[in-house]
$ cat model-v9.pdb   # PDB, C-alpha atoms
ATOM      1  CA  MET A   1       3.856  84.612 -26.726
ATOM      2  CA  VAL A   2       3.448  83.443 -23.172
ATOM      3  CA  THR A   3       2.037  80.105 -24.239
ATOM      4  CA  LYS A   4       4.933  79.419 -26.629
ATOM      5  CA  LEU A   5       7.419  80.209 -23.898
ATOM      6  CA  GLN A   6       5.577  77.952 -21.439
ATOM      7  CA  ARG A   7       5.530  75.109 -23.966
ATOM      8  CA  ARG A   8       9.259  75.459 -24.588
ATOM      9  CA  THR A   9      10.100  75.416 -20.883
ATOM     10  CA  THR A  10       7.892  72.405 -20.186
ATOM     11  CA  SER A  11       9.389  70.670 -23.195
ATOM     12  CA  ARG A  12      12.915  71.387 -21.933
ATOM     13  CA  ARG A  13      12.013  70.158 -18.439
ATOM     14  CA  LYS A  14      10.629  66.950 -19.877
ATOM     15  CA  LEU A  15      13.746  66.422 -21.976
ATOM     16  CA  GLN A  16      15.930  67.130 -18.967
ATOM     17  CA  PHE A  17      13.940  64.649 -16.933
ATOM     18  CA  LEU A  18      14.246  62.002 -19.669
ATOM     19  CA  SER A  19      17.957  62.567 -20.060
ATOM     20  CA  THR A  20      18.550  62.140 -16.310
ATOM     21  CA  LEU A  21      16.179  59.183 -16.106
ATOM     22  CA  TYR A  22      17.853  57.247 -18.924
ATOM     23  CA  ASN A  23      21.422  58.498 -18.290
ATOM     24  CA  SER A  24      21.670  60.271 -21.613
ATOM     25  CA  LYS A  25      24.893  62.264 -22.019
ATOM     26  CA  SER A  26      23.632  64.216 -24.984
ATOM     27  CA  VAL A  27      21.927  67.603 -24.859
ATOM     28  CA  LYS A  28      20.317  67.314 -28.272
ATOM     29  CA  ARG A  29      16.613  66.693 -28.331
ATOM     30  CA  ARG A  30      16.823  64.107 -31.094
ATOM     31  CA  SER A  31      19.482  61.962 -29.404
ATOM     32  CA  ILE A  32      17.651  62.054 -26.045
ATOM     33  CA  VAL A  33      14.451  60.842 -27.689
ATOM     34  CA  LEU A  34      16.349  58.136 -29.590
ATOM     35  CA  ASN A  35      18.006  56.962 -26.354
ATOM     36  CA  VAL A  36      14.616  56.755 -24.654
ATOM     37  CA  LEU A  37      13.149  54.821 -27.593
ATOM     38  CA  LEU A  38      16.132  52.469 -27.588
ATOM     39  CA  HIS A  39      15.727  51.873 -23.868
ATOM     40  CA  CYS A  40      12.005  51.145 -24.299
ATOM     41  CA  HIS A  41      12.775  48.727 -27.130
ATOM     42  CA  LYS A  42      15.312  46.884 -24.954
ATOM     43  CA  LEU A  43      12.762  46.626 -22.147
ATOM     44  CA  LYS A  44      10.204  45.242 -24.586
ATOM     45  CA  LEU A  45      12.691  42.582 -25.760
ATOM     46  CA  LYS A  46      13.468  41.630 -22.155
ATOM     47  CA  LEU A  47       9.766  41.319 -21.398
ATOM     48  CA  GLU A  48       9.231  39.085 -24.444
ATOM     49  CA  LYS A  49      12.158  36.893 -23.352
ATOM     50  CA  ILE A  50      10.723  36.561 -19.840
ATOM     51  CA  HIS A  51       7.319  35.712 -21.316
ATOM     52  CA  ARG A  52       8.861  32.971 -23.522
ATOM     53  CA  GLU A  53      10.716  31.511 -20.517
ATOM     54  CA  TYR A  54       7.506  31.541 -18.501
ATOM     55  CA  GLN A  55       5.632  29.738 -21.292
ATOM     56  CA  ASN A  56       8.396  27.106 -21.479
ATOM     57  CA  LEU A  57       8.307  26.576 -17.711
ATOM     58  CA  MET A  58       4.525  26.219 -17.744
ATOM     59  CA  ALA A  59       4.763  23.641 -20.554
ATOM     60  CA  ILE A  60       7.369  21.674 -18.582
ATOM     61  CA  ARG A  61       5.192  21.877 -15.457
ATOM     62  CA  ASN A  62       2.119  20.605 -17.321
ATOM     63  CA  GLN A  63       4.140  17.792 -18.864
ATOM     64  CA  TYR A  64       5.470  16.827 -15.429
ATOM     65  CA  PHE A  65       1.967  16.683 -13.954
ATOM     66  CA  SER A  66       0.654  14.621 -16.870
ATOM     67  CA  LEU A  67       3.527  12.160 -16.397
ATOM     68  CA  LEU A  68       2.831  12.016 -12.661
ATOM     69  CA  LYS A  69      -0.709  10.818 -13.377
ATOM     70  CA  HIS A  70       0.646   7.750 -15.163
ATOM     71  CA  VAL A  71       3.168   6.759 -12.502
ATOM     72  CA  GLN A  72       2.161   3.657 -10.581
ATOM     73  CA  ILE A  73       3.089   3.864  -6.919
ATOM     74  CA  PRO A  74       3.789   0.426  -5.469
ATOM     75  CA  LYS A  75       1.768  -0.503  -2.427
ATOM     76  CA  GLN A  76       3.825  -0.317   0.713
ATOM     77  CA  VAL A  77       2.713  -1.080   4.242
ATOM     78  CA  LYS A  78       5.281  -0.863   7.028
ATOM     79  CA  VAL A  79       4.273  -1.666  10.579
ATOM     80  CA  GLU A  80       6.614  -1.230  13.532
ATOM     81  CA  LYS A  81       5.894  -1.831  17.187
ATOM     82  CA  VAL A  82       7.343   0.792  19.506
ATOM     83  CA  GLY A  83       6.518  -0.121  23.079
ATOM     84  CA  GLU A  84       2.734  -0.516  23.220
ATOM     85  CA  GLU A  85       2.176   1.557  20.070
ATOM     86  CA  PHE A  86       2.101   0.512  16.449
ATOM     87  CA  VAL A  87       3.594   2.932  13.904
ATOM     88  CA  VAL A  88       2.038   2.260  10.505
ATOM     89  CA  LYS A  89       3.206   3.776   7.204
ATOM     90  CA  VAL A  90       1.103   3.222   4.087
ATOM     91  CA  SER A  91       1.636   4.425   0.517
ATOM     92  CA  CYS A  92      -0.270   3.470  -2.630
ATOM     93  CA  ASN A  93      -2.091   4.952  -5.639
ATOM     94  CA  LYS A  94      -4.926   7.416  -5.126
ATOM     95  CA  GLY A  95      -8.541   6.537  -5.673
ATOM     96  CA  GLY A  96     -11.545   5.379  -3.709
ATOM     97  CA  ASP A  97     -12.076   5.756   0.025
ATOM     98  CA  LYS A  98      -8.776   4.244   1.097
ATOM     99  CA  LEU A  99      -8.647   6.159   4.362
ATOM    100  CA  VAL A 100     -12.018   4.825   5.473
ATOM    101  CA  SER A 101     -11.139   1.218   4.618
ATOM    102  CA  ILE A 102      -7.769   1.465   6.374
ATOM    103  CA  LEU A 103      -9.391   2.902   9.500
ATOM    104  CA  GLU A 104     -11.970   0.086   9.396
ATOM    105  CA  ALA A 105      -9.082  -2.396   9.145
ATOM    106  CA  PHE A 106      -7.537  -0.854  12.260
ATOM    107  CA  GLU A 107     -10.847  -1.322  14.036
ATOM    108  CA  GLU A 108     -11.171  -4.970  12.900
ATOM    109  CA  VAL A 109      -7.702  -5.774  14.245
ATOM    110  CA  GLY A 110      -8.518  -4.041  17.513
ATOM    111  CA  LEU A 111      -6.398  -0.908  17.285
ATOM    112  CA  ASN A 112      -7.335   2.647  18.204
ATOM    113  CA  VAL A 113      -5.709   5.355  16.095
ATOM    114  CA  VAL A 114      -4.059   7.938  18.335
ATOM    115  CA  GLU A 115      -2.519  10.134  15.652
ATOM    116  CA  ALA A 116      -2.588  10.071  11.851
ATOM    117  CA  LYS A 117      -1.110  12.125   9.024
ATOM    118  CA  VAL A 118      -2.585  11.703   5.554
ATOM    119  CA  CYS A 119      -1.492  13.164   2.231
ATOM    120  CA  CYS A 120      -3.047  12.476  -1.142
ATOM    121  CA  THR A 121      -1.749  15.108  -3.548
ATOM    122  CA  HIS A 122      -0.081  12.785  -6.079
ATOM    123  CA  PHE A 123      -0.529   9.450  -4.309
ATOM    124  CA  PHE A 124      -2.079   8.238  -1.070
ATOM    125  CA  ALA A 125       0.285   8.310   1.919
ATOM    126  CA  MET A 126      -0.545   7.798   5.560
ATOM    127  CA  GLU A 127       1.446   7.603   8.760
ATOM    128  CA  ALA A 128      -0.474   6.585  11.849
ATOM    129  CA  THR A 129       0.176   5.723  15.461
ATOM    130  CA  ALA A 130      -2.234   3.221  17.006
ATOM    131  CA  VAL A 131      -2.587   1.388  20.322
ATOM    132  CA  ALA A 132      -4.304  -1.907  21.081
ATOM    133  CA  GLN A 133      -7.768  -1.833  22.636
ATOM    134  CA  HIS A 134      -8.147  -3.383  26.111
ATOM    135  CA  GLN A 135      -4.558  -4.698  26.300
ATOM    136  CA  GLN A 136      -5.115  -7.044  23.345
ATOM    137  CA  THR A 137      -2.109  -8.821  21.884
ATOM    138  CA  THR A 138      -1.937  -7.902  18.239
ATOM    139  CA  ASP A 139       0.719  -9.156  15.860
ATOM    140  CA  ILE A 140       2.506  -6.992  13.290
ATOM    141  CA  LYS A 141       1.701  -9.500  10.530
ATOM    142  CA  ASP A 142      -2.024  -9.328  11.319
ATOM    143  CA  VAL A 143      -2.034  -5.544  11.089
ATOM    144  CA  THR A 144      -0.070  -5.594   7.823
ATOM    145  CA  GLN A 145      -2.378  -8.167   6.235
ATOM    146  CA  ALA A 146      -5.525  -6.320   7.320
ATOM    147  CA  ILE A 147      -4.292  -3.049   5.828
ATOM    148  CA  LEU A 148      -3.200  -4.727   2.584
ATOM    149  CA  LYS A 149      -6.642  -6.335   2.281
ATOM    150  CA  ALA A 150      -8.305  -2.968   2.877
ATOM    151  CA  ILE A 151      -6.203  -1.317   0.158
ATOM    152  CA  GLU A 152      -6.777  -4.188  -2.262
ATOM    153  CA  LYS A 153     -10.527  -4.235  -1.571
ATOM    154  CA  GLN A 154     -10.887  -0.480  -2.028
ATOM    155  CA  GLY A 155      -8.619   0.089  -5.005
ATOM    156  CA  GLY A 156      -9.270  -3.123  -6.911
ATOM    157  CA  GLU A 157      -5.509  -3.656  -7.017
ATOM    158  CA  HIS A 158      -3.803  -7.002  -6.695
ATOM    159  CA  ILE A 159      -0.686  -7.715  -4.659
TER     160      ILE A 159
END
$ encode --input "model-v9.pdb" --output "structure tokens"
Amino acid sequence: MVTKLQRRTTSRRKLQFLSTLYNSKSVKRRSIVLNVLLHCHKLKLKLEKIHREYQNLMAIRNQYFSLLKHVQIPKQVKVEKVGEEFVVKVSCNKGGDKLVSILEAFEEVGLNVVEAKVCCTHFFAMEATAVAQHQQTTDIKDVTQAILKAIEKQGGEHI
């Protein structure tokens, strides 16, 4: 008898807990269980919806990255002279050792790179600050042409 009584009380406690957890107004065992099942079913539907949205977003992301691979970035070289420093901005397609050839071009023209920022996630981009070696007079056109030649030589691209 004691075990039956214990089972009933634990069963009632569990039902009470479920009714408070899922805001069930009913006191009947059957309706409480149905409310809990309904709530679980709704959660399952929400989870499936979130999963479908995630799959759609991943497909869009993959499509975006595949399109990015086919985009041709035009070569751009901008050189500005600010006081004694040259500020150089370069952008072009990825591939090859472009950084090495551009740094060699700086050396050929007679510039020392003081600071450089390079990014090559989707395309090659570089922003550098350089100064002339030994008070040399260097022209902006010479620097631009040397960098364009370095990019063309390395990437096999034509202007």
$ resolve_selection --input "model-v9.pdb" --expression "the PyMOL selection byres ((chain A and resi 107) around 12)" --output "MDAnalysis selection string"
chainID A and resid 100:106 108:113 130:133 138 143 146:147 150
$ write_last_selection --input "model-v9.pdb" --atoms "C-alpha atoms" --output "CSV table (one decimal), in the frame of the given file"
chain,number,residue,atom,x,y,z
A,100,VAL,CA,-12.0,4.8,5.5
A,101,SER,CA,-11.1,1.2,4.6
A,102,ILE,CA,-7.8,1.5,6.4
A,103,LEU,CA,-9.4,2.9,9.5
A,104,GLU,CA,-12.0,0.1,9.4
A,105,ALA,CA,-9.1,-2.4,9.1
A,106,PHE,CA,-7.5,-0.9,12.3
A,108,GLU,CA,-11.2,-5.0,12.9
A,109,VAL,CA,-7.7,-5.8,14.2
A,110,GLY,CA,-8.5,-4.0,17.5
A,111,LEU,CA,-6.4,-0.9,17.3
A,112,ASN,CA,-7.3,2.6,18.2
A,113,VAL,CA,-5.7,5.4,16.1
A,130,ALA,CA,-2.2,3.2,17.0
A,131,VAL,CA,-2.6,1.4,20.3
A,132,ALA,CA,-4.3,-1.9,21.1
A,133,GLN,CA,-7.8,-1.8,22.6
A,138,THR,CA,-1.9,-7.9,18.2
A,143,VAL,CA,-2.0,-5.5,11.1
A,146,ALA,CA,-5.5,-6.3,7.3
A,147,ILE,CA,-4.3,-3.0,5.8
A,150,ALA,CA,-8.3,-3.0,2.9
$ atom_distance --input "model-v9.pdb" --atom1 "atom CA of A:Glu85" --atom2 "atom CA of A:Ala116"
12.8 Å
$ closest_residue --input "model-v9.pdb" --among "A:Leu37, A:Ile140, A:Leu47, A:Leu5" --to "A:Glu84" --atoms "all atoms listed in the file"
A:Ile140
$ axis_aligned_box --input "model-v9.pdb" --around "stretch 85-90 of chain A" --padding-each-side "3 Å" --output "AutoDock Vina command-line options"
--center_x 2.3 --center_y 2.1 --center_z 12.1 --size_x 8.5 --size_y 9.3 --size_z 22.0
$ residues_around --input "model-v9.pdb" --residues "stretch 117-125 of chain A" --least-positions-apart "3" --cutoff "7 Å" --atoms "all atoms listed in the file" --output "VMD selection string"
chain A and resid 90 to 94 128
$ closest_residue --input "model-v9.pdb" --among "A:Gly96, A:Lys89, A:Ile151, A:Arg13" --to "A:Glu127" --atoms "all atoms listed in the file"
A:Lys89
$ atom_distance --input "model-v9.pdb" --atom1 "atom CA of A:Lys42" --atom2 "atom CA of A:Ser19"
16.6 Å
$ residues_near_point --input "model-v9.pdb" --point "(6.1, -5.4, 12.2)" --cutoff "9 Å" --atoms "all atoms listed in the file" --output "mmCIF file with C-alpha atoms, in the coordinates of the input"
data_model
loop_
_atom_site.group_PDB
_atom_site.id
_atom_site.type_symbol
_atom_site.label_atom_id
_atom_site.label_comp_id
_atom_site.auth_asym_id
_atom_site.auth_seq_id
_atom_site.Cartn_x
_atom_site.Cartn_y
_atom_site.Cartn_z
ATOM 1 C CA LYS A 78 5.281 -0.863 7.028
ATOM 2 C CA VAL A 79 4.273 -1.666 10.579
ATOM 3 C CA GLU A 80 6.614 -1.230 13.532
ATOM 4 C CA LYS A 81 5.894 -1.831 17.187
ATOM 5 C CA PHE A 86 2.101 0.512 16.449
ATOM 6 C CA VAL A 87 3.594 2.932 13.904
ATOM 7 C CA VAL A 88 2.038 2.260 10.505
ATOM 8 C CA ASP A 139 0.719 -9.156 15.860
ATOM 9 C CA ILE A 140 2.506 -6.992 13.290
ATOM 10 C CA LYS A 141 1.701 -9.500 10.530
ATOM 11 C CA VAL A 143 -2.034 -5.544 11.089
ATOM 12 C CA THR A 144 -0.070 -5.594 7.823
#
$ closest_residue --input "model-v9.pdb" --among "A:Gly95, A:Gln55, A:Leu45, A:His39" --to "A:Lys69" --atoms "only C-alpha atoms"
A:Gly95
$ atom_distance --input "model-v9.pdb" --atom1 "atom CA of A:Gln76" --atom2 "atom CA of A:Tyr64"
23.6 Å
$ decode --input "model-v9.pdb" --residues "stretch 43-58 of chain A" --atoms "all heavy atoms" --output "tab-separated table (two decimals), in the first residue's frame"
chain	number	residue	atom	x	y	z
A	43	LEU	N	7.36	23.48	-30.14
A	43	LEU	CA	8.81	23.70	-30.07
A	43	LEU	C	9.53	22.96	-31.19
A	43	LEU	O	10.48	23.48	-31.78
A	43	LEU	CB	9.35	23.25	-28.71
A	43	LEU	CG	9.01	24.14	-27.52
A	43	LEU	CD1	9.52	23.52	-26.23
A	43	LEU	CD2	9.58	25.53	-27.70
A	44	LYS	N	9.08	21.76	-31.49
A	44	LYS	CA	9.69	20.98	-32.57
A	44	LYS	C	9.50	21.70	-33.91
A	44	LYS	O	10.44	21.77	-34.71
A	44	LYS	CB	9.06	19.59	-32.62
A	44	LYS	CG	9.64	18.71	-33.68
A	44	LYS	CD	8.96	17.36	-33.70
A	44	LYS	CE	9.47	16.56	-34.90
A	44	LYS	NZ	8.69	15.35	-35.09
A	45	LEU	N	8.30	22.25	-34.15
A	45	LEU	CA	8.05	22.99	-35.39
A	45	LEU	C	8.93	24.23	-35.47
A	45	LEU	O	9.46	24.56	-36.54
A	45	LEU	CB	6.57	23.36	-35.49
A	45	LEU	CG	5.60	22.20	-35.71
A	45	LEU	CD1	4.16	22.72	-35.69
A	45	LEU	CD2	5.90	21.49	-37.01
A	46	LYS	N	9.08	24.94	-34.35
A	46	LYS	CA	9.95	26.12	-34.34
A	46	LYS	C	11.39	25.74	-34.65
A	46	LYS	O	12.09	26.43	-35.40
A	46	LYS	CB	9.89	26.82	-32.98
A	46	LYS	CG	8.66	27.65	-32.75
A	46	LYS	CD	8.72	28.33	-31.40
A	46	LYS	CE	7.47	29.11	-31.10
A	46	LYS	NZ	7.53	29.76	-29.77
A	47	LEU	N	11.85	24.65	-34.07
A	47	LEU	CA	13.21	24.19	-34.32
A	47	LEU	C	13.41	23.82	-35.79
A	47	LEU	O	14.44	24.15	-36.39
A	47	LEU	CB	13.53	22.99	-33.42
A	47	LEU	CG	14.94	22.43	-33.52
A	47	LEU	CD1	15.95	23.48	-33.07
A	47	LEU	CD2	15.06	21.18	-32.69
A	48	GLU	N	12.43	23.15	-36.39
A	48	GLU	CA	12.53	22.81	-37.81
A	48	GLU	C	12.56	24.05	-38.68
A	48	GLU	O	13.30	24.12	-39.66
A	48	GLU	CB	11.36	21.91	-38.20
A	48	GLU	CG	11.45	20.50	-37.66
A	48	GLU	CD	10.20	19.68	-37.90
A	48	GLU	OE1	9.20	20.23	-38.44
A	48	GLU	OE2	10.23	18.48	-37.57
A	49	LYS	N	11.77	25.07	-38.31
A	49	LYS	CA	11.76	26.33	-39.06
A	49	LYS	C	13.13	27.01	-38.97
A	49	LYS	O	13.66	27.50	-39.98
A	49	LYS	CB	10.67	27.25	-38.51
A	49	LYS	CG	10.58	28.58	-39.21
A	49	LYS	CD	9.53	29.45	-38.58
A	49	LYS	CE	9.55	30.83	-39.21
A	49	LYS	NZ	8.65	31.75	-38.52
A	50	ILE	N	13.69	27.05	-37.77
A	50	ILE	CA	15.02	27.66	-37.59
A	50	ILE	C	16.06	26.89	-38.38
A	50	ILE	O	16.95	27.50	-39.01
A	50	ILE	CB	15.38	27.71	-36.10
A	50	ILE	CG1	14.50	28.73	-35.39
A	50	ILE	CG2	16.85	28.04	-35.88
A	50	ILE	CD1	14.62	28.70	-33.88
A	51	HIS	N	15.95	25.58	-38.40
A	51	HIS	CA	16.91	24.76	-39.16
A	51	HIS	C	16.79	25.04	-40.66
A	51	HIS	O	17.81	25.16	-41.36
A	51	HIS	CB	16.65	23.27	-38.88
A	51	HIS	CG	17.63	22.37	-39.53
A	51	HIS	ND1	18.95	22.30	-39.15
A	51	HIS	CD2	17.48	21.50	-40.56
A	51	HIS	CE1	19.57	21.44	-39.91
A	51	HIS	NE2	18.71	20.93	-40.78
A	52	ARG	N	15.56	25.18	-41.18
A	52	ARG	CA	15.37	25.51	-42.60
A	52	ARG	C	15.97	26.88	-42.93
A	52	ARG	O	16.63	27.05	-43.95
A	52	ARG	CB	13.89	25.48	-42.97
A	52	ARG	CG	13.34	24.10	-43.23
A	52	ARG	CD	11.96	24.17	-43.89
A	52	ARG	NE	11.02	25.01	-43.17
A	52	ARG	CZ	10.22	24.62	-42.19
A	52	ARG	NH1	10.27	23.37	-41.77
A	52	ARG	NH2	9.39	25.46	-41.61
A	53	GLU	N	15.73	27.86	-42.06
A	53	GLU	CA	16.29	29.20	-42.28
A	53	GLU	C	17.82	29.16	-42.27
A	53	GLU	O	18.47	29.82	-43.08
A	53	GLU	CB	15.78	30.17	-41.21
A	53	GLU	CG	14.34	30.55	-41.36
A	53	GLU	CD	13.84	31.46	-40.25
A	53	GLU	OE1	14.64	31.84	-39.37
A	53	GLU	OE2	12.65	31.78	-40.26
A	54	TYR	N	18.38	28.39	-41.37
A	54	TYR	CA	19.83	28.25	-41.30
A	54	TYR	C	20.37	27.63	-42.59
A	54	TYR	O	21.37	28.10	-43.14
A	54	TYR	CB	20.22	27.40	-40.10
A	54	TYR	CG	21.69	27.08	-40.02
A	54	TYR	CD1	22.60	28.04	-39.61
A	54	TYR	CD2	22.17	25.82	-40.37
A	54	TYR	CE1	23.94	27.76	-39.55
A	54	TYR	CE2	23.51	25.53	-40.31
A	54	TYR	CZ	24.39	26.49	-39.90
A	54	TYR	OH	25.73	26.21	-39.85
A	55	GLN	N	19.70	26.58	-43.09
A	55	GLN	CA	20.14	25.95	-44.33
A	55	GLN	C	20.06	26.92	-45.50
A	55	GLN	O	20.96	26.97	-46.35
A	55	GLN	CB	19.28	24.70	-44.62
A	55	GLN	CG	19.47	23.58	-43.65
A	55	GLN	CD	20.88	23.02	-43.68
A	55	GLN	OE1	21.54	23.01	-44.70
A	55	GLN	NE2	21.35	22.59	-42.52
A	56	ASN	N	19.00	27.74	-45.55
A	56	ASN	CA	18.88	28.74	-46.61
A	56	ASN	C	20.00	29.78	-46.53
A	56	ASN	O	20.58	30.16	-47.55
A	56	ASN	CB	17.52	29.44	-46.54
A	56	ASN	CG	16.39	28.53	-46.96
A	56	ASN	OD1	16.59	27.55	-47.67
A	56	ASN	ND2	15.18	28.84	-46.52
A	57	LEU	N	20.29	30.24	-45.32
A	57	LEU	CA	21.36	31.22	-45.15
A	57	LEU	C	22.72	30.64	-45.53
A	57	LEU	O	23.55	31.33	-46.14
A	57	LEU	CB	21.40	31.73	-43.71
A	57	LEU	CG	20.27	32.67	-43.31
A	57	LEU	CD1	20.33	32.98	-41.82
A	57	LEU	CD2	20.31	33.94	-44.11
A	58	MET	N	22.96	29.39	-45.19
A	58	MET	CA	24.23	28.76	-45.57
A	58	MET	C	24.33	28.61	-47.09
A	58	MET	O	25.40	28.79	-47.67
A	58	MET	CB	24.37	27.39	-44.89
A	58	MET	CG	24.59	27.48	-43.39
A	58	MET	SD	26.01	28.49	-42.92
A	58	MET	CE	27.34	27.49	-43.50
